[in-house]
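To be precise, the following lines are coords_37.tsv, and they hold TSV, N, CA and C atoms.
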chain	number	residue	atom	x	y	z
A	1	MET	N	-82.62	81.05	-47.67
A	1	MET	CA	-81.73	81.07	-48.80
A	1	MET	C	-80.46	80.26	-48.51
A	2	GLY	N	-79.99	80.31	-47.27
A	2	GLY	CA	-78.76	79.62	-46.92
A	2	GLY	C	-78.86	78.11	-47.09
A	3	MET	N	-80.03	77.55	-46.82
A	3	MET	CA	-80.21	76.11	-46.96
A	3	MET	C	-80.12	75.68	-48.42
A	4	LEU	N	-80.58	76.51	-49.33
A	4	LEU	CA	-80.55	76.18	-50.75
A	4	LEU	C	-79.13	76.07	-51.28
A	5	VAL	N	-78.21	76.79	-50.66
A	5	VAL	CA	-76.81	76.75	-51.10
A	5	VAL	C	-76.25	75.34	-50.96
A	6	PHE	N	-76.71	74.59	-49.96
A	6	PHE	CA	-76.26	73.23	-49.75
A	6	PHE	C	-77.20	72.19	-50.35
A	7	ALA	N	-78.50	72.46	-50.33
A	7	ALA	CA	-79.48	71.48	-50.77
A	7	ALA	C	-79.47	71.27	-52.28
A	8	VAL	N	-79.35	72.33	-53.04
A	8	VAL	CA	-79.41	72.21	-54.50
A	8	VAL	C	-78.22	71.42	-55.05
A	9	PRO	N	-76.97	71.72	-54.68
A	9	PRO	CA	-75.87	70.88	-55.17
A	9	PRO	C	-75.98	69.43	-54.71
A	10	ALA	N	-76.43	69.21	-53.48
A	10	ALA	CA	-76.59	67.84	-52.99
A	10	ALA	C	-77.63	67.09	-53.81
A	11	LEU	N	-78.73	67.76	-54.12
A	11	LEU	CA	-79.77	67.13	-54.93
A	11	LEU	C	-79.26	66.82	-56.33
A	12	LEU	N	-78.47	67.71	-56.90
A	12	LEU	CA	-77.91	67.48	-58.23
A	12	LEU	C	-76.97	66.28	-58.22
A	13	VAL	N	-76.17	66.13	-57.17
A	13	VAL	CA	-75.26	64.99	-57.08
A	13	VAL	C	-76.06	63.69	-56.96
A	14	VAL	N	-77.10	63.69	-56.14
A	14	VAL	CA	-77.92	62.48	-55.98
A	14	VAL	C	-78.61	62.13	-57.29
A	15	VAL	N	-79.14	63.12	-57.99
A	15	VAL	CA	-79.82	62.85	-59.26
A	15	VAL	C	-78.83	62.34	-60.31
A	16	LEU	N	-77.63	62.89	-60.33
A	16	LEU	CA	-76.62	62.40	-61.26
A	16	LEU	C	-76.28	60.94	-60.96
A	17	GLY	N	-76.06	60.63	-59.70
A	17	GLY	CA	-75.79	59.24	-59.31
A	17	GLY	C	-76.95	58.33	-59.63
A	18	TYR	N	-78.17	58.79	-59.41
A	18	TYR	CA	-79.36	58.01	-59.73
A	18	TYR	C	-79.42	57.71	-61.22
A	19	ALA	N	-79.18	58.72	-62.03
A	19	ALA	CA	-79.24	58.52	-63.49
A	19	ALA	C	-78.18	57.53	-63.96
A	20	VAL	N	-76.98	57.65	-63.43
A	20	VAL	CA	-75.91	56.73	-63.82
A	20	VAL	C	-76.23	55.31	-63.37
A	21	GLY	N	-76.64	55.15	-62.13
A	21	GLY	CA	-76.96	53.82	-61.60
A	21	GLY	C	-78.13	53.17	-62.33
A	22	TYR	N	-79.16	53.94	-62.61
A	22	TYR	CA	-80.33	53.42	-63.31
A	22	TYR	C	-79.96	53.00	-64.73
A	23	THR	N	-79.16	53.81	-65.40
A	23	THR	CA	-78.75	53.51	-66.77
A	23	THR	C	-77.89	52.25	-66.83
A	24	VAL	N	-76.92	52.16	-65.94
A	24	VAL	CA	-76.03	50.99	-65.93
A	24	VAL	C	-76.82	49.72	-65.60
A	25	ALA	N	-77.74	49.81	-64.66
A	25	ALA	CA	-78.57	48.65	-64.33
A	25	ALA	C	-79.43	48.25	-65.53
A	26	GLY	N	-79.91	49.22	-66.28
A	26	GLY	CA	-80.70	48.93	-67.48
A	26	GLY	C	-79.87	48.24	-68.55
A	27	TRP	N	-78.61	48.60	-68.65
A	27	TRP	CA	-77.72	47.95	-69.61
A	27	TRP	C	-77.58	46.46	-69.31
A	28	PHE	N	-77.62	46.12	-68.05
A	28	PHE	CA	-77.46	44.72	-67.66
A	28	PHE	C	-78.79	43.99	-67.57
A	29	GLY	N	-79.86	44.61	-68.01
A	29	GLY	CA	-81.15	43.95	-68.09
A	29	GLY	C	-81.90	43.84	-66.78
A	30	ALA	N	-81.63	44.70	-65.83
A	30	ALA	CA	-82.33	44.67	-64.55
A	30	ALA	C	-83.76	45.18	-64.74
A	31	SER	N	-84.66	44.67	-63.93
A	31	SER	CA	-86.04	45.14	-63.99
A	31	SER	C	-86.10	46.59	-63.51
A	32	PRO	N	-87.14	47.31	-63.88
A	32	PRO	CA	-87.21	48.72	-63.46
A	32	PRO	C	-87.17	48.92	-61.95
A	33	ALA	N	-87.76	48.01	-61.19
A	33	ALA	CA	-87.75	48.15	-59.73
A	33	ALA	C	-86.33	47.99	-59.19
A	34	VAL	N	-85.60	47.02	-59.70
A	34	VAL	CA	-84.22	46.81	-59.26
A	34	VAL	C	-83.35	47.98	-59.71
A	35	ALA	N	-83.56	48.43	-60.95
A	35	ALA	CA	-82.77	49.55	-61.46
A	35	ALA	C	-83.01	50.81	-60.63
A	36	GLU	N	-84.24	51.03	-60.20
A	36	GLU	CA	-84.53	52.21	-59.39
A	36	GLU	C	-83.82	52.12	-58.04
A	37	GLY	N	-83.85	50.96	-57.42
A	37	GLY	CA	-83.14	50.78	-56.15
A	37	GLY	C	-81.65	51.00	-56.29
A	38	LEU	N	-81.07	50.46	-57.36
A	38	LEU	CA	-79.65	50.67	-57.61
A	38	LEU	C	-79.35	52.13	-57.91
A	39	GLY	N	-80.25	52.79	-58.60
A	39	GLY	CA	-80.06	54.20	-58.89
A	39	GLY	C	-80.01	55.05	-57.63
A	40	TRP	N	-80.96	54.82	-56.72
A	40	TRP	CA	-80.96	55.58	-55.47
A	40	TRP	C	-79.73	55.27	-54.63
A	41	ALA	N	-79.35	54.00	-54.58
A	41	ALA	CA	-78.15	53.63	-53.81
A	41	ALA	C	-76.92	54.30	-54.40
A	42	THR	N	-76.80	54.29	-55.72
A	42	THR	CA	-75.65	54.93	-56.37
A	42	THR	C	-75.64	56.43	-56.08
A	43	GLY	N	-76.79	57.06	-56.13
A	43	GLY	CA	-76.87	58.49	-55.85
A	43	GLY	C	-76.44	58.83	-54.44
A	44	LEU	N	-76.87	58.04	-53.48
A	44	LEU	CA	-76.50	58.30	-52.09
A	44	LEU	C	-75.03	58.02	-51.83
A	45	VAL	N	-74.48	56.97	-52.47
A	45	VAL	CA	-73.06	56.69	-52.33
A	45	VAL	C	-72.23	57.81	-52.94
A	46	LEU	N	-72.67	58.31	-54.09
A	46	LEU	CA	-71.96	59.42	-54.72
A	46	LEU	C	-72.02	60.67	-53.84
A	47	LEU	N	-73.16	60.93	-53.22
A	47	LEU	CA	-73.27	62.07	-52.31
A	47	LEU	C	-72.33	61.92	-51.12
A	48	ALA	N	-72.26	60.72	-50.56
A	48	ALA	CA	-71.35	60.49	-49.44
A	48	ALA	C	-69.89	60.69	-49.86
A	49	ALA	N	-69.55	60.24	-51.06
A	49	ALA	CA	-68.18	60.40	-51.55
A	49	ALA	C	-67.84	61.87	-51.76
A	50	VAL	N	-68.77	62.63	-52.30
A	50	VAL	CA	-68.52	64.05	-52.55
A	50	VAL	C	-68.38	64.81	-51.22
A	51	VAL	N	-69.23	64.50	-50.27
A	51	VAL	CA	-69.15	65.17	-48.96
A	51	VAL	C	-67.83	64.82	-48.26
A	52	THR	N	-67.44	63.55	-48.32
A	52	THR	CA	-66.17	63.13	-47.71
A	52	THR	C	-64.99	63.85	-48.37
A	53	ALA	N	-65.01	63.92	-49.68
A	53	ALA	CA	-63.92	64.60	-50.40
A	53	ALA	C	-63.89	66.09	-50.04
A	54	ALA	N	-65.05	66.71	-49.93
A	54	ALA	CA	-65.10	68.14	-49.60
A	54	ALA	C	-64.58	68.40	-48.19
A	55	VAL	N	-64.94	67.53	-47.25
A	55	VAL	CA	-64.47	67.70	-45.87
A	55	VAL	C	-62.96	67.53	-45.80
A	56	ARG	N	-62.44	66.50	-46.48
A	56	ARG	CA	-60.99	66.30	-46.49
A	56	ARG	C	-60.27	67.47	-47.12
A	57	TRP	N	-60.76	67.98	-48.22
A	57	TRP	CA	-60.14	69.12	-48.90
A	57	TRP	C	-60.14	70.34	-47.99
A	58	ARG	N	-61.26	70.56	-47.31
A	58	ARG	CA	-61.36	71.71	-46.40
A	58	ARG	C	-60.35	71.60	-45.26
A	59	ARG	N	-60.22	70.40	-44.70
A	59	ARG	CA	-59.26	70.21	-43.60
A	59	ARG	C	-57.84	70.44	-44.07
A	60	ARG	N	-57.50	69.94	-45.26
A	60	ARG	CA	-56.14	70.14	-45.79
A	60	ARG	C	-55.86	71.60	-46.05
A	61	SER	N	-56.83	72.31	-46.59
A	61	SER	CA	-56.59	73.73	-46.89
A	61	SER	C	-56.45	74.54	-45.61
A	62	ARG	N	-57.16	74.16	-44.56
A	62	ARG	CA	-57.02	74.86	-43.28
A	62	ARG	C	-55.65	74.59	-42.65
A	63	ARG	N	-55.15	73.35	-42.77
A	63	ARG	CA	-53.84	73.02	-42.22
A	63	ARG	C	-52.74	73.75	-42.96
A	64	ALA	N	-52.88	73.89	-44.26
A	64	ALA	CA	-51.86	74.56	-45.05
A	64	ALA	C	-51.78	76.05	-44.71
A	65	LYS	N	-52.90	76.65	-44.37
A	65	LYS	CA	-52.90	78.07	-44.01
A	65	LYS	C	-52.36	78.29	-42.59
A	66	GLY	N	-52.60	77.31	-41.73
A	66	GLY	CA	-52.42	77.49	-40.37
A	66	GLY	C	-51.23	77.41	-39.62

Represent the structure contained in this file as structure tokens.
Amino acid sequence: MGMLVFAVPALLVVVLGYAVGYTVAGWFGASPAVAEGLGWATGLVLLAAVVTAAVRWRRRSRRAKG
């Protein structure tokens, strides 16, 4: 159960990034294969950004308490 607490939000972030990247690539007329690659890349970049922001926020909140 503990793994799902982290895996489900991470999967949702990746899927959201994938959907945004795929849609934007489609707007610019990219082929489906290119759009899919851009979608996955966008999803992983968004996941990295969210994890980085969460780690920074956690560090700041610990310093403020400490």

One decimal, Å: what's the distance from atom C of Val55 in chain A over to atom N of Gly39 in chain A, could you say?
26.1 Å

Rank A:Gly21, A:Lys65, A:Arg59, A:Val5 by their smallest atom-to-atom distance to Leu38 in chain A, using all atoms listed in the file, and report the top residue only.
A:Gly21

Given the choices A:Arg63, A:Leu46, A:Thr52, A:Arg58, which gets closest to Leu12 in chain A if the distance is worked out from only C-alpha atoms?
A:Leu46

Contacts of Val34 in chain A within 8 Å, only N, CA and C atoms, excl. fewer than 6 positions in-chain, as a ChimeraX atom specification
/A:21-22,25-26,40

How many Å lie between CA of Ala35 in chain A and atom C of Tyr18 in chain A, rounded to one decimal?
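Separation between CA of Ala35 in chain A and atom C of Tyr18 in chain A: 8.8 Å.
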
Here is a test: counting only C-alpha atoms, which residue of A:Ala53, A:Leu44, A:Ala64, A:Ala33 is nearest to Val13 in chain A?
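Result for the nearest residue to Val13 in chain A: A:Leu44.
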
Which centre and edge lengths in Å to one decimal define the box along x, y and z that fits every listed atom of range 4-21 of chain A plus 6 Å per side, as lines of an AutoDock Vina configuration file?
center_x = -77.9
center_y = 65.0
center_z = -56.6
size_x = 17.3
size_y = 35.6
size_z = 26.6

Hey, can you pull every residue with an atom no more than 8 Å from (-75.0, 62.9, -52.2), using only N, CA and C atoms, and send it as a PyMOL selection string?
chain A and resi 9-15+17+42-51

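Atom to atom, atom N of Phe6 in chain A and atom C of Trp57 in chain A stand 17.2 Å apart.
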
Mind filling out range 26-41 of chain A with N, CA, C and O atoms and sending it as a short mmCIF file (atom, residue, chain, number, x, y, z; two decimals), keeping the file's coordinate frame?
data_model
loop_
_atom_site.label_atom_id
_atom_site.label_comp_id
_atom_site.auth_asym_id
_atom_site.auth_seq_id
_atom_site.Cartn_x
_atom_site.Cartn_y
_atom_site.Cartn_z
N GLY A 26 -79.91 49.22 -66.28
CA GLY A 26 -80.70 48.93 -67.48
C GLY A 26 -79.87 48.24 -68.55
O GLY A 26 -80.37 47.37 -69.27
N TRP A 27 -78.61 48.60 -68.65
CA TRP A 27 -77.72 47.95 -69.61
C TRP A 27 -77.58 46.46 -69.31
O TRP A 27 -77.40 45.65 -70.21
N PHE A 28 -77.62 46.12 -68.05
CA PHE A 28 -77.46 44.72 -67.66
C PHE A 28 -78.79 43.99 -67.57
O PHE A 28 -78.84 42.86 -67.09
N GLY A 29 -79.86 44.61 -68.01
CA GLY A 29 -81.15 43.95 -68.09
C GLY A 29 -81.90 43.84 -66.78
O GLY A 29 -82.75 42.97 -66.64
N ALA A 30 -81.63 44.70 -65.83
CA ALA A 30 -82.33 44.67 -64.55
C ALA A 30 -83.76 45.18 -64.74
O ALA A 30 -84.04 46.00 -65.61
N SER A 31 -84.66 44.67 -63.93
CA SER A 31 -86.04 45.14 -63.99
C SER A 31 -86.10 46.59 -63.51
O SER A 31 -85.19 47.05 -62.81
N PRO A 32 -87.14 47.31 -63.88
CA PRO A 32 -87.21 48.72 -63.46
C PRO A 32 -87.17 48.92 -61.95
O PRO A 32 -86.58 49.88 -61.47
N ALA A 33 -87.76 48.01 -61.19
CA ALA A 33 -87.75 48.15 -59.73
C ALA A 33 -86.33 47.99 -59.19
O ALA A 33 -85.90 48.75 -58.31
N VAL A 34 -85.60 47.02 -59.70
CA VAL A 34 -84.22 46.81 -59.26
C VAL A 34 -83.35 47.98 -59.71
O VAL A 34 -82.50 48.47 -58.95
N ALA A 35 -83.56 48.43 -60.95
CA ALA A 35 -82.77 49.55 -61.46
C ALA A 35 -83.01 50.81 -60.63
O ALA A 35 -82.07 51.57 -60.38
N GLU A 36 -84.24 51.03 -60.20
CA GLU A 36 -84.53 52.21 -59.39
C GLU A 36 -83.82 52.12 -58.04
O GLU A 36 -83.24 53.10 -57.57
N GLY A 37 -83.85 50.96 -57.42
CA GLY A 37 -83.14 50.78 -56.15
C GLY A 37 -81.65 51.00 -56.29
O GLY A 37 -81.02 51.66 -55.46
N LEU A 38 -81.07 50.46 -57.36
CA LEU A 38 -79.65 50.67 -57.61
C LEU A 38 -79.35 52.13 -57.91
O LEU A 38 -78.29 52.65 -57.51
N GLY A 39 -80.25 52.79 -58.60
CA GLY A 39 -80.06 54.20 -58.89
C GLY A 39 -80.01 55.05 -57.63
O GLY A 39 -79.13 55.89 -57.47
N TRP A 40 -80.96 54.82 -56.72
CA TRP A 40 -80.96 55.58 -55.47
C TRP A 40 -79.73 55.27 -54.63
O TRP A 40 -79.13 56.17 -54.04
N ALA A 41 -79.35 54.00 -54.58
CA ALA A 41 -78.15 53.63 -53.81
C ALA A 41 -76.92 54.30 -54.40
O ALA A 41 -76.07 54.83 -53.66
#
